[in-house]
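final29.txt follows; it contains compact mmCIF, C-alpha atoms.
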# COMPACT_ATOMS: atom_id res chain seq x y z
CA MET M 1 -27.10 -5.93 -18.59
CA TRP M 2 -27.30 -9.38 -20.17
CA ARG M 3 -28.26 -9.23 -23.85
CA GLY M 4 -27.61 -11.46 -26.80
CA SER M 5 -26.14 -8.49 -28.67
CA ASP M 6 -23.34 -8.35 -26.09
CA LEU M 7 -21.96 -11.69 -27.27
CA ASP M 8 -18.97 -11.42 -29.61
CA PRO M 9 -18.64 -14.10 -32.34
CA ALA M 10 -14.91 -13.41 -32.41
CA ASP M 11 -14.65 -15.14 -29.02
CA GLY M 12 -15.35 -18.55 -30.59
CA THR M 13 -18.19 -20.98 -29.96
CA LYS M 14 -21.40 -19.93 -28.22
CA THR M 15 -20.11 -21.45 -25.00
CA GLU M 16 -16.83 -19.51 -25.30
CA GLN M 17 -18.77 -16.34 -26.08
CA VAL M 18 -20.67 -16.63 -22.79
CA GLU M 19 -17.44 -17.23 -20.87
CA ALA M 20 -15.81 -14.21 -22.51
CA LEU M 21 -18.84 -12.03 -21.76
CA VAL M 22 -18.69 -12.83 -18.05
CA LEU M 23 -14.95 -12.15 -17.96
CA ARG M 24 -15.42 -8.81 -19.75
CA ARG M 25 -18.03 -7.81 -17.17
CA ILE M 26 -15.52 -8.58 -14.44
CA GLU M 27 -12.63 -6.74 -16.11
CA ARG M 28 -14.80 -3.64 -16.65
CA GLY M 29 -15.95 -3.61 -13.04
CA ASP M 30 -19.62 -4.41 -13.83
CA LEU M 31 -19.20 -7.51 -11.67
CA SER M 32 -17.30 -7.31 -8.38
CA ILE M 33 -16.46 -9.79 -5.65
CA GLY M 34 -19.68 -11.46 -4.51
CA SER M 35 -21.79 -10.21 -7.44
CA ARG M 36 -24.62 -12.62 -8.15
CA LEU M 37 -25.32 -13.79 -11.68
CA PRO M 38 -28.84 -14.43 -12.97
CA SER M 39 -30.01 -18.03 -12.78
CA GLU M 40 -29.06 -20.33 -15.64
CA ARG M 41 -32.64 -20.23 -16.92
CA VAL M 42 -32.85 -16.42 -16.83
CA LEU M 43 -29.40 -16.02 -18.36
CA SER M 44 -30.20 -18.37 -21.24
CA GLU M 45 -33.44 -16.45 -21.95
CA ARG M 46 -31.75 -13.05 -21.93
CA LEU M 47 -28.86 -14.18 -24.12
CA GLY M 48 -31.11 -16.12 -26.48
CA LEU M 49 -29.13 -19.34 -26.02
CA SER M 50 -29.94 -22.85 -24.95
CA ARG M 51 -29.70 -23.60 -21.27
CA VAL M 52 -27.17 -26.35 -22.05
CA THR M 53 -24.82 -23.78 -23.59
CA VAL M 54 -25.08 -21.48 -20.58
CA VAL M 55 -24.54 -24.35 -18.14
CA ARG M 56 -21.40 -25.44 -20.00
CA ALA M 57 -20.00 -21.90 -19.90
CA LEU M 58 -20.69 -21.44 -16.20
CA ASP M 59 -19.27 -24.88 -15.42
CA GLN M 60 -16.03 -23.90 -17.14
CA LEU M 61 -15.87 -20.59 -15.25
CA ARG M 62 -16.41 -22.48 -12.00
CA ALA M 63 -13.62 -24.88 -12.94
CA ASP M 64 -11.35 -21.89 -13.66
CA GLY M 65 -12.07 -20.47 -10.22
CA VAL M 66 -13.95 -17.42 -11.51
CA LEU M 67 -17.39 -18.36 -10.15
CA GLU M 68 -18.78 -20.40 -7.29
CA THR M 69 -22.30 -21.73 -6.77
CA LYS M 70 -23.84 -22.48 -3.38
CA ARG M 71 -27.17 -24.18 -2.96
CA GLY M 72 -29.81 -21.65 -2.02
CA SER M 73 -27.69 -18.57 -2.74
CA GLY M 74 -26.95 -18.84 -6.46
CA THR M 75 -23.81 -18.24 -8.50
CA HIS M 76 -21.40 -15.51 -7.41
CA VAL M 77 -18.07 -14.03 -8.51
CA ARG M 78 -15.20 -15.41 -6.44
CA PRO M 79 -12.49 -13.18 -4.84
CA LEU M 80 -10.07 -13.29 -7.77
CA ASP M 81 -6.69 -11.53 -7.65
CA ARG M 82 -7.88 -9.20 -10.40
CA LEU M 83 -10.77 -8.12 -8.17
CA LEU M 84 -8.90 -8.18 -4.87
CA ASP M 85 -6.42 -5.80 -6.49
CA PRO M 86 -7.53 -4.21 -9.78
CA ILE M 87 -4.50 -1.81 -9.66
CA ALA M 88 -5.77 0.43 -12.48
CA PRO M 89 -9.00 2.42 -12.29
CA VAL M 90 -11.60 1.52 -14.89
CA SER M 91 -11.46 3.98 -17.81
CA THR M 92 -14.72 5.44 -19.05
CA VAL M 93 -13.25 7.76 -21.68
CA THR M 94 -14.43 7.06 -25.22
CA ALA M 95 -13.40 8.35 -28.62
CA GLY M 96 -16.02 7.64 -31.23
CA ASP M 97 -16.95 3.97 -31.09
CA GLN M 98 -13.80 2.80 -29.32
CA PRO M 99 -12.63 3.27 -25.72
CA MET M 100 -9.85 5.83 -25.30
CA LEU M 101 -6.99 4.17 -23.43
CA ASP M 102 -5.75 6.96 -21.15
CA LEU M 103 -2.34 6.02 -19.71
CA ARG M 104 -1.08 9.51 -18.98
CA PHE M 105 -1.28 8.96 -15.24
CA ALA M 106 0.18 6.12 -13.15
CA THR M 107 -2.74 5.91 -10.73
CA THR M 108 -3.92 3.01 -8.62
CA ALA M 109 -7.36 1.68 -7.75
CA ALA M 110 -8.10 0.42 -4.26
CA PRO M 111 -7.64 -3.24 -3.35
CA HIS M 112 -10.65 -5.01 -1.85
CA ASP M 113 -8.93 -4.76 1.54
CA VAL M 114 -9.91 -1.08 1.70
CA ALA M 115 -13.62 -1.88 1.61
CA GLU M 116 -13.18 -4.54 4.30
CA VAL M 117 -11.17 -2.21 6.52
CA VAL M 118 -13.72 0.59 6.15
CA ALA M 119 -16.50 -1.79 7.20
CA GLN M 120 -14.49 -2.75 10.27
CA PHE M 121 -13.58 0.69 11.53
CA VAL M 122 -17.09 2.04 11.03
CA THR M 123 -18.07 -0.14 13.98
CA GLY M 124 -14.62 -0.14 15.62
CA GLY M 125 -12.35 2.89 15.87
CA LEU M 126 -14.58 5.48 14.23
CA PRO M 127 -17.18 5.94 17.01
CA GLN M 128 -14.43 6.59 19.54
CA ALA M 129 -12.58 8.97 17.20
CA MET M 130 -15.77 10.96 16.61
CA GLY M 131 -15.60 12.17 20.22
CA GLY M 132 -12.72 14.51 19.32
CA ASP M 133 -11.83 16.86 16.49
CA GLY M 134 -9.46 14.53 14.66
CA PRO M 135 -5.71 13.84 14.86
CA PRO M 136 -3.24 16.66 15.59
CA SER M 137 -1.19 18.37 12.90
CA GLY M 138 1.45 15.99 11.63
CA GLY M 139 -0.66 12.88 12.23
CA SER M 140 -1.83 10.83 15.18
CA VAL M 141 0.60 9.12 17.53
CA GLU M 142 -1.13 5.81 16.73
CA LEU M 143 -0.50 6.06 12.99
CA ARG M 144 3.05 7.37 13.41
CA THR M 145 3.78 4.46 15.75
CA ALA M 146 2.36 1.88 13.34
CA LEU M 147 4.27 3.41 10.44
CA ALA M 148 7.51 3.57 12.44
CA GLU M 149 7.15 -0.14 13.23
CA ARG M 150 6.59 -0.82 9.53
CA LEU M 151 9.68 1.13 8.43
CA THR M 152 11.78 -0.52 11.12
CA LYS M 153 10.62 -3.93 9.89
CA GLU M 154 11.70 -2.92 6.38
CA GLY M 155 15.23 -2.18 7.60
CA VAL M 156 15.02 1.53 8.42
CA PRO M 157 14.99 1.90 12.23
CA THR M 158 12.45 4.63 12.97
CA GLU M 159 10.87 6.24 16.01
CA PRO M 160 7.39 7.85 15.89
CA GLY M 161 9.01 11.19 16.76
CA GLN M 162 10.92 11.13 13.47
CA LEU M 163 7.75 11.08 11.36
CA THR M 164 5.53 13.88 10.12
CA LEU M 165 2.39 12.75 8.31
CA THR M 166 1.11 14.60 5.25
CA VAL M 167 -1.55 14.16 2.57
CA GLY M 168 0.89 12.49 0.16
CA ALA M 169 4.49 12.28 -0.96
CA ALA M 170 4.35 15.61 -2.81
CA ALA M 171 3.07 17.32 0.35
CA GLY M 172 5.84 15.53 2.23
CA LEU M 173 8.49 16.89 -0.14
CA ASN M 174 6.99 20.36 0.21
CA ALA M 175 7.03 20.07 4.01
CA ALA M 176 10.65 18.88 4.02
CA LEU M 177 11.75 21.77 1.79
CA ALA M 178 9.86 24.23 4.01
CA GLY M 179 11.61 22.88 7.10
CA LEU M 180 15.04 22.94 5.46
CA ASP M 181 14.45 26.49 4.10
CA LEU M 182 17.38 26.25 1.67
CA GLY M 183 16.62 28.70 -1.12
CA PRO M 184 17.62 30.58 -3.10
CA GLY M 185 20.09 28.19 -4.68
CA VAL M 186 20.34 25.05 -6.83
CA ALA M 187 18.71 21.63 -6.52
CA ILE M 188 20.02 18.56 -8.33
CA THR M 189 17.53 15.89 -9.25
CA GLU M 190 17.35 13.05 -11.72
CA SER M 191 16.34 13.75 -15.28
CA PRO M 192 13.75 12.52 -16.03
CA THR M 193 11.84 12.52 -12.76
CA TYR M 194 8.44 13.11 -11.14
CA PRO M 195 7.17 16.39 -12.72
CA ALA M 196 5.60 17.77 -9.52
CA ALA M 197 9.06 17.76 -7.93
CA PHE M 198 10.24 20.45 -10.38
CA ASP M 199 7.39 22.74 -9.37
CA LEU M 200 7.98 22.21 -5.65
CA LEU M 201 11.74 22.77 -5.87
CA ARG M 202 11.21 25.97 -7.85
CA LYS M 203 8.51 27.10 -5.43
CA HIS M 204 11.21 27.02 -2.74
CA ARG M 205 13.50 29.25 -4.86
CA LEU M 206 15.70 26.44 -6.12
CA ASP M 207 16.89 26.24 -9.72
CA VAL M 208 16.74 22.64 -10.97
CA VAL M 209 19.72 20.88 -12.57
CA GLY M 210 19.25 17.39 -14.03
CA TRP M 211 21.39 14.31 -13.37
CA PRO M 212 20.67 11.51 -15.91
CA ALA M 213 18.48 8.84 -14.32
CA GLY M 214 19.26 5.25 -15.26
CA VAL M 215 22.89 6.21 -15.85
CA TRP M 216 23.50 7.52 -12.33
CA ASP M 217 27.16 8.37 -13.00
CA THR M 218 28.55 9.37 -9.61
CA ASP M 219 31.55 11.12 -11.18
CA GLN M 220 29.10 13.30 -13.09
CA LEU M 221 27.15 13.97 -9.88
CA ALA M 222 30.35 15.11 -8.19
CA HIS M 223 31.10 17.38 -11.17
CA LEU M 224 27.63 18.91 -10.99
CA CYS M 225 28.05 19.51 -7.27
CA ARG M 226 31.45 21.21 -7.78
CA ARG M 227 29.97 23.43 -10.45
CA HIS M 228 26.61 24.34 -8.91
CA LYS M 229 27.12 23.96 -5.13
CA PRO M 230 23.58 22.57 -4.68
CA LYS M 231 21.55 23.16 -1.54
CA VAL M 232 19.65 19.89 -1.97
CA ILE M 233 19.81 16.63 -3.94
CA TYR M 234 16.38 15.03 -4.48
CA LEU M 235 16.45 11.42 -5.73
CA GLN M 236 14.15 8.47 -6.39
CA ALA M 237 16.72 5.73 -5.96
CA ASP M 238 14.20 2.87 -5.91
CA ASN M 239 11.95 1.91 -8.83
CA HIS M 240 12.23 5.45 -10.14
CA ASN M 241 9.29 7.22 -11.79
CA PRO M 242 9.25 7.32 -14.81
CA THR M 243 12.09 4.92 -15.76
CA GLY M 244 11.21 2.14 -13.29
CA LEU M 245 14.96 1.64 -12.65
CA SER M 246 16.95 1.68 -9.41
CA LEU M 247 20.23 3.24 -8.35
CA PRO M 248 22.77 0.35 -8.20
CA ALA M 249 23.67 -0.78 -4.70
CA ASP M 250 27.39 -0.14 -5.22
CA ARG M 251 26.82 3.57 -5.95
CA ARG M 252 24.60 4.45 -3.01
CA THR M 253 27.36 5.09 -0.51
CA ALA M 254 29.12 7.29 -3.07
CA VAL M 255 25.96 9.37 -3.57
CA VAL M 256 25.61 9.92 0.18
CA GLU M 257 29.27 10.86 0.53
CA ILE M 258 29.06 13.34 -2.36
CA ALA M 259 26.03 15.01 -0.77
CA ARG M 260 27.92 15.35 2.53
CA ARG M 261 31.12 16.56 0.87
CA TYR M 262 29.29 19.44 -0.77
CA ASP M 263 27.00 20.07 2.23
CA ALA M 264 23.82 19.34 0.24
CA ALA M 265 20.70 18.07 1.95
CA LEU M 266 19.79 14.63 0.57
CA ILE M 267 16.07 13.89 0.13
CA SER M 268 15.17 10.31 -0.82
CA ASP M 269 11.68 9.78 -2.29
CA GLU M 270 10.87 6.16 -1.45
CA THR M 271 7.25 6.10 -2.56
CA MET M 272 7.90 3.39 -5.15
CA ARG M 273 10.39 1.36 -3.09
CA PRO M 274 7.90 -1.32 -1.90
CA LEU M 275 7.07 -2.24 -5.53
CA TRP M 276 10.30 -4.16 -6.25
CA LEU M 277 9.64 -6.58 -9.13
CA ALA M 278 13.10 -7.77 -10.18
CA SER M 279 14.75 -11.01 -9.14
CA GLY M 280 17.54 -10.79 -6.60
CA ASP M 281 17.91 -8.67 -3.49
CA GLN M 282 16.78 -5.07 -3.45
CA PRO M 283 19.49 -2.53 -2.52
CA GLU M 284 19.28 -0.93 0.91
CA PRO M 285 17.32 2.34 0.94
CA LEU M 286 19.08 5.68 1.13
CA SER M 287 17.03 6.41 4.25
CA ARG M 288 19.26 3.96 6.16
CA TYR M 289 22.06 6.51 5.95
CA PRO M 290 22.23 9.13 8.72
CA ARG M 291 21.03 12.67 7.91
CA THR M 292 19.03 11.52 4.87
CA VAL M 293 15.52 12.94 4.73
CA SER M 294 13.02 10.51 3.21
CA VAL M 295 9.46 10.85 1.98
CA GLY M 296 6.93 8.13 1.25
CA SER M 297 3.28 7.51 0.63
CA LEU M 298 0.56 4.85 0.60
CA SER M 299 -0.96 6.19 -2.63
CA LYS M 300 1.01 3.88 -4.95
CA THR M 301 1.28 0.83 -2.74
CA VAL M 302 -2.38 0.88 -1.65
CA TRP M 303 -4.69 3.40 -3.32
CA GLY M 304 -4.46 6.76 -5.02
CA GLY M 305 -7.43 7.88 -2.92
CA LEU M 306 -5.68 7.17 0.39
CA ARG M 307 -4.03 10.52 1.00
CA VAL M 308 -1.39 9.57 3.55
CA GLY M 309 2.28 10.37 3.09
CA TRP M 310 5.14 11.06 5.45
CA VAL M 311 8.48 12.72 6.01
CA ARG M 312 11.13 10.85 8.00
CA THR M 313 13.73 13.18 9.52
CA GLY M 314 15.74 13.83 12.63
CA ARG M 315 13.79 15.30 15.54
CA GLN M 316 15.28 18.78 15.15
CA LEU M 317 14.24 19.07 11.50
CA ARG M 318 10.82 17.64 12.38
CA ARG M 319 10.32 20.51 14.83
CA ARG M 320 11.19 23.01 12.10
CA ILE M 321 8.82 21.28 9.69
CA ASN M 322 6.03 21.40 12.25
CA THR M 323 6.42 25.17 12.64
CA SER M 324 6.96 26.08 8.98
CA ALA M 325 4.86 23.85 6.76
CA GLN M 326 1.25 24.73 7.72
CA LEU M 327 0.68 21.14 8.75
CA SER M 328 -2.92 21.80 9.74
CA VAL M 329 -3.57 22.14 5.99
CA VAL M 330 -1.45 19.25 4.72
CA SER M 331 -2.03 16.61 7.44
CA PRO M 332 -4.19 13.55 6.67
CA SER M 333 -7.87 13.70 7.54
CA ALA M 334 -9.24 11.77 10.52
CA LEU M 335 -10.75 9.16 8.19
CA ASP M 336 -7.54 8.73 6.20
CA ASP M 337 -5.61 8.43 9.45
CA LEU M 338 -7.89 5.66 10.73
CA LEU M 339 -7.95 3.86 7.38
CA ALA M 340 -4.15 3.93 7.14
CA GLN M 341 -3.79 2.49 10.65
CA GLU M 342 -5.96 -0.47 9.71
CA ILE M 343 -4.50 -1.04 6.25
CA LEU M 344 -0.89 -1.17 7.52
CA GLY M 345 -1.73 -4.48 9.20
CA ARG M 346 -2.71 -5.90 5.80
CA LEU M 347 0.03 -4.27 3.76
CA ASP M 348 2.12 -7.41 3.25
CA GLY M 349 -0.82 -9.18 1.59
CA VAL M 350 -1.70 -6.13 -0.52
CA LEU M 351 1.90 -5.78 -1.71
CA SER M 352 2.25 -9.48 -2.49
CA ARG M 353 -0.81 -9.46 -4.75
CA ARG M 354 0.05 -6.13 -6.32
CA LYS M 355 3.59 -7.14 -7.23
CA LYS M 356 2.40 -10.42 -8.70
CA ARG M 357 -0.08 -8.61 -10.92
CA LEU M 358 2.40 -5.90 -11.90
CA ARG M 359 4.92 -8.54 -12.97
CA GLY M 360 2.28 -10.16 -15.19
CA ASN M 361 1.26 -6.79 -16.60
CA LEU M 362 4.86 -5.82 -17.35
CA GLN M 363 5.49 -9.13 -19.10
CA ALA M 364 2.42 -8.60 -21.31
CA LEU M 365 3.50 -5.06 -22.19
CA GLU M 366 7.06 -6.06 -23.02
CA THR M 367 5.85 -8.97 -25.16
CA GLY M 368 3.75 -6.54 -27.18
CA LEU M 369 6.55 -3.99 -27.49
CA LYS M 370 9.01 -6.61 -28.77
CA ALA M 371 6.92 -6.88 -31.94
CA LEU M 372 7.44 -3.17 -32.73
CA ASP M 373 10.23 -1.55 -34.73
CA GLY M 374 11.94 1.65 -33.67
CA VAL M 375 11.63 1.30 -29.91
CA ALA M 376 14.03 0.45 -27.08
CA TRP M 377 13.80 0.21 -23.31
CA THR M 378 15.37 -1.23 -20.18
CA THR M 379 13.21 -3.59 -18.14
CA PRO M 380 12.15 -1.80 -14.93
CA THR M 381 13.36 -3.13 -11.59
CA GLY M 382 9.97 -2.18 -10.17
CA GLY M 383 7.39 0.54 -9.79
CA MET M 384 4.62 0.81 -12.34
CA THR M 385 6.02 2.65 -15.37
CA LEU M 386 8.22 1.82 -18.37
CA TRP M 387 10.32 4.49 -20.09
CA LEU M 388 10.18 3.83 -23.84
CA GLU M 389 12.75 5.29 -26.21
CA LEU M 390 11.68 6.03 -29.79
CA THR M 391 14.70 5.56 -32.03
CA GLU M 392 13.27 6.70 -35.39
CA VAL M 393 10.65 9.44 -34.88
CA ARG M 394 10.00 12.18 -32.35
CA ALA M 395 7.77 11.44 -29.41
CA ARG M 396 5.29 14.25 -30.02
CA ARG M 397 4.57 13.01 -33.55
CA VAL M 398 3.96 9.50 -32.26
CA LEU M 399 1.72 10.76 -29.44
CA GLU M 400 -0.39 12.76 -31.89
CA ALA M 401 -0.81 9.66 -34.04
CA ALA M 402 -1.53 7.57 -30.93
CA ARG M 403 -4.40 9.89 -30.00
CA ASP M 404 -5.92 9.12 -33.41
CA GLN M 405 -5.60 5.43 -32.48
CA GLY M 406 -7.42 5.97 -29.16
CA LEU M 407 -4.30 5.97 -26.95
CA LEU M 408 -3.08 8.72 -24.60
CA LEU M 409 0.46 8.58 -23.16
CA GLY M 410 2.81 10.98 -21.36
CA ALA M 411 5.52 12.75 -23.37
CA GLY M 412 9.10 12.54 -22.15
CA ASP M 413 9.63 16.30 -22.11
CA LEU M 414 7.13 16.60 -19.24
CA PHE M 415 9.54 14.66 -17.02
CA THR M 416 12.71 16.68 -17.66
CA PRO M 417 13.64 19.97 -15.95
CA ASP M 418 14.41 21.76 -19.22
CA GLY M 419 11.64 20.12 -21.29
CA THR M 420 14.07 19.04 -24.00
CA ASP M 421 13.43 15.29 -24.17
CA ARG M 422 12.12 14.40 -27.65
CA ARG M 423 12.71 10.65 -27.68
CA HIS M 424 10.78 9.10 -24.79
CA ILE M 425 7.25 8.31 -23.69
CA ARG M 426 6.10 6.89 -20.37
CA ILE M 427 3.87 3.81 -20.31
CA PRO M 428 2.29 2.80 -16.97
CA PHE M 429 1.72 -0.96 -16.73
CA THR M 430 -1.09 -0.81 -14.19
CA ALA M 431 -3.75 -1.91 -16.69
CA THR M 432 -4.67 -5.55 -17.34
CA PRO M 433 -2.50 -7.70 -19.65
CA GLY M 434 -5.22 -7.65 -22.30
CA THR M 435 -5.38 -3.85 -22.23
CA LEU M 436 -1.58 -3.56 -22.37
CA ARG M 437 -1.44 -5.83 -25.40
CA LEU M 438 -3.95 -3.47 -27.01
CA VAL M 439 -1.76 -0.51 -25.98
CA ALA M 440 1.22 -2.06 -27.79
CA SER M 441 -0.89 -2.73 -30.86
CA ARG M 442 -2.20 0.85 -31.02
CA LEU M 443 1.28 2.21 -30.40
CA GLY M 444 2.56 0.12 -33.32
CA SER M 445 -0.11 1.66 -35.57
CA ALA M 446 0.85 5.12 -34.33
CA LEU M 447 4.51 4.51 -35.10
CA GLU M 448 3.63 3.48 -38.66
CA GLN M 449 1.45 6.57 -39.07
CA ALA M 450 4.16 8.89 -37.72
CA ARG M 451 6.96 7.61 -39.96

Target encoding structure tokens, full file:
Amino acid sequence: MWRGSDLDPADGTKTEQVEALVLRRIERGDLSIGSRLPSERVLSERLGLSRVTVVRALDQLRADGVLETKRGSGTHVRPLDRLLDPIAPVSTVTAGDQPMLDLRFATTAAPHDVAEVVAQFVTGGLPQAMGGDGPPSGGSVELRTALAERLTKEGVPTEPGQLTLTVGAAAGLNAALAGLDLGPGVAITESPTYPAAFDLLRKHRLDVVGWPAGVWDTDQLAHLCRRHKPKVIYLQADNHNPTGLSLPADRRTAVVEIARRYDAALISDETMRPLWLASGDQPEPLSRYPRTVSVGSLSKTVWGGLRVGWVRTGRQLRRRINTSAQLSVVSPSALDDLLAQEILGRLDGVLSRRKKRLRGNLQALETGLKALDGVAWTTPTGGMTLWLELTEVRARRVLEAARDQGLLLGAGDLFTPDGTDRRHIRIPFTATPGTLRLVASRLGSALEQAR
């Protein structure tokens, strides 16, 4: 693992090369919290450097808070923010001699809290839970109670009986649509939006009509409702995926009133709501309004591997969902249920770290994009994706060139109901600032190649 050939002269002096090597090992996940480094003598031998050089490098890393040394136990990696919350999974895809930067999916890695919680409930709640056959369909009372308290704290008064637990937000949307049983008919949703929503709406016999996201013209929404008489309006009003923007506070009441006027069910997807990154106060959620059905998930705020989502409804609709949505198939597993109960108590800390890192990541990405010609965007209010407009060349041409540069991104047409977008690409900013600067550089090369 430690070889002299791993040192990169481009990093500067020999001392700086050792520092950079340790940091690369951490960024790649080779070193995690508590990982022990070889002794200074062993490290100097393996790297082919003087012990003085190695000592200087480790001293600097200790001064920077990266490492700590305790007598008798050696030198270990400290619990850095980047390790407590890596956000993005480590990519192992390669193309030739260079790593392929795959940013087609806005996925999240687990914070260190997950490992700590798992260790706790293995000796805590798990033995007791093993005496039964797992939580009932729709989720355990314990988790629904904890989640209801969380939503109430966030300004959406909720009772456990209003919640149905599912294996994610998409399963929650599917369950809500099954309970509403609205089709055949028309659904209005933002364009662009989360691609899986199109499939689910169509599965429930609803034709999809797009309402421009980011513009959110309520007069246009009213016109669409007059013309199409929609059965349902599905929106991501908060930190919308893929644009990262939010429905302005002064238009939210109008949206709710339009839905009621035309007797359309209003479904608010609030999965991204906790990841508010902008300055100023966040608008109140649509779920505060009566008769709004909301869905959410822990997959973005905590970990893509934590398959716990929910539907918040009135009790009558919850009963219909429970009888129509095959909840025994789409309810969280016993282990996910227990893990979610424990992690909710730590969620404030997880969110605080995650938002801090996402703000830094977004700043690095925008700095890199500002050096490029032929692109435009609006700074996201939150979430984890930026919606980039290409003003000179078509997106598909740029994406083909980007693949040659070792960069994979999502095309805008995947996020529109009619597949006609030719000008946008989605860029998740879950990766590290260094990786995102490299993304901007490779995208710049792709733009030049595509022109």

TODO: Find the residues around stretch 19-24 of chain M up to 12 Å (all atoms listed in the file counted), leave out those fewer than 2 positions away in its own chain, and share them as a PyMOL selection string.
DONE: chain M and resi 1-17+26-32+35-38+43+47+53-67+76-78+80+82-83+432+434-435

Residue list as a PDB file with C-alpha atoms, in the coordinates of the input for point (-1.8, 4.0, 4.1), cut-off 12 Å, only C-alpha atoms:
ATOM      1  CA  ALA M 110      -8.100   0.420  -4.260  1.00  0.00           C
ATOM      2  CA  PRO M 111      -7.640  -3.240  -3.350  1.00  0.00           C
ATOM      3  CA  ASP M 113      -8.930  -4.760   1.540  1.00  0.00           C
ATOM      4  CA  VAL M 114      -9.910  -1.080   1.700  1.00  0.00           C
ATOM      5  CA  VAL M 117     -11.170  -2.210   6.520  1.00  0.00           C
ATOM      6  CA  LEU M 143      -0.500   6.060  12.990  1.00  0.00           C
ATOM      7  CA  ARG M 144       3.050   7.370  13.410  1.00  0.00           C
ATOM      8  CA  ALA M 146       2.360   1.880  13.340  1.00  0.00           C
ATOM      9  CA  LEU M 147       4.270   3.410  10.440  1.00  0.00           C
ATOM     10  CA  ARG M 150       6.590  -0.820   9.530  1.00  0.00           C
ATOM     11  CA  LEU M 165       2.390  12.750   8.310  1.00  0.00           C
ATOM     12  CA  THR M 166       1.110  14.600   5.250  1.00  0.00           C
ATOM     13  CA  VAL M 167      -1.550  14.160   2.570  1.00  0.00           C
ATOM     14  CA  GLY M 168       0.890  12.490   0.160  1.00  0.00           C
ATOM     15  CA  ALA M 169       4.490  12.280  -0.960  1.00  0.00           C
ATOM     16  CA  THR M 271       7.250   6.100  -2.560  1.00  0.00           C
ATOM     17  CA  GLY M 296       6.930   8.130   1.250  1.00  0.00           C
ATOM     18  CA  SER M 297       3.280   7.510   0.630  1.00  0.00           C
ATOM     19  CA  LEU M 298       0.560   4.850   0.600  1.00  0.00           C
ATOM     20  CA  SER M 299      -0.960   6.190  -2.630  1.00  0.00           C
ATOM     21  CA  LYS M 300       1.010   3.880  -4.950  1.00  0.00           C
ATOM     22  CA  THR M 301       1.280   0.830  -2.740  1.00  0.00           C
ATOM     23  CA  VAL M 302      -2.380   0.880  -1.650  1.00  0.00           C
ATOM     24  CA  TRP M 303      -4.690   3.400  -3.320  1.00  0.00           C
ATOM     25  CA  GLY M 304      -4.460   6.760  -5.020  1.00  0.00           C
ATOM     26  CA  GLY M 305      -7.430   7.880  -2.920  1.00  0.00           C
ATOM     27  CA  LEU M 306      -5.680   7.170   0.390  1.00  0.00           C
ATOM     28  CA  ARG M 307      -4.030  10.520   1.000  1.00  0.00           C
ATOM     29  CA  VAL M 308      -1.390   9.570   3.550  1.00  0.00           C
ATOM     30  CA  GLY M 309       2.280  10.370   3.090  1.00  0.00           C
ATOM     31  CA  TRP M 310       5.140  11.060   5.450  1.00  0.00           C
ATOM     32  CA  PRO M 332      -4.190  13.550   6.670  1.00  0.00           C
ATOM     33  CA  SER M 333      -7.870  13.700   7.540  1.00  0.00           C
ATOM     34  CA  LEU M 335     -10.750   9.160   8.190  1.00  0.00           C
ATOM     35  CA  ASP M 336      -7.540   8.730   6.200  1.00  0.00           C
ATOM     36  CA  ASP M 337      -5.610   8.430   9.450  1.00  0.00           C
ATOM     37  CA  LEU M 338      -7.890   5.660  10.730  1.00  0.00           C
ATOM     38  CA  LEU M 339      -7.950   3.860   7.380  1.00  0.00           C
ATOM     39  CA  ALA M 340      -4.150   3.930   7.140  1.00  0.00           C
ATOM     40  CA  GLN M 341      -3.790   2.490  10.650  1.00  0.00           C
ATOM     41  CA  GLU M 342      -5.960  -0.470   9.710  1.00  0.00           C
ATOM     42  CA  ILE M 343      -4.500  -1.040   6.250  1.00  0.00           C
ATOM     43  CA  LEU M 344      -0.890  -1.170   7.520  1.00  0.00           C
ATOM     44  CA  GLY M 345      -1.730  -4.480   9.200  1.00  0.00           C
ATOM     45  CA  ARG M 346      -2.710  -5.900   5.800  1.00  0.00           C
ATOM     46  CA  LEU M 347       0.030  -4.270   3.760  1.00  0.00           C
ATOM     47  CA  VAL M 350      -1.700  -6.130  -0.520  1.00  0.00           C
ATOM     48  CA  LEU M 351       1.900  -5.780  -1.710  1.00  0.00           C
TER      49      LEU M 351
END

Around (3.0, 8.9, -37.4), as given in the file, which residues come within 9 Å? Count all atoms listed in the file and list them as JSON, numbers by chain. {"M": [393, 397, 398, 399, 400, 401, 402, 445, 446, 447, 448, 449, 450, 451]}

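Here atom CA of M:Thr378 is placed at a distance of 10.0 Å from atom CA of M:Glu366.
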
re atom CA of M:Leu177 and atom CA of M:Ile321: distance 8.4 Å

- prompt: Near stretch 234-244 of chain M, within 8 Å and counting all atoms listed in the file, which residues show up once chain neighbours fewer than 3 positions away are dropped, as a ChimeraX atom specification?
  reply: /M:187-190,192-194,213-214,247,266-270,272-273,275-276,285-286,379-387,415,426

Counting only C-alpha atoms, what is within 8 Å of stretch 361-364 of chain M, bar same-chain residues fewer than 6 positions away, as an MDAnalysis selection string? chainID M and resid 429:434 436:437

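Shortest atom-to-atom contact with M:Ala264 among M:Gly360, M:Pro79, M:Pro283, M:Gly185: M:Gly185, counting all atoms listed in the file.
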
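Of note, atom CA of M:Ile233 and atom CA of M:Asp207 are spaced 11.6 Å apart.
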
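Across M:Asp418, M:Glu392, M:Asp373, M:Glu116, the tightest approach to M:Leu443 is made by M:Asp373 when counting all atoms listed in the file.
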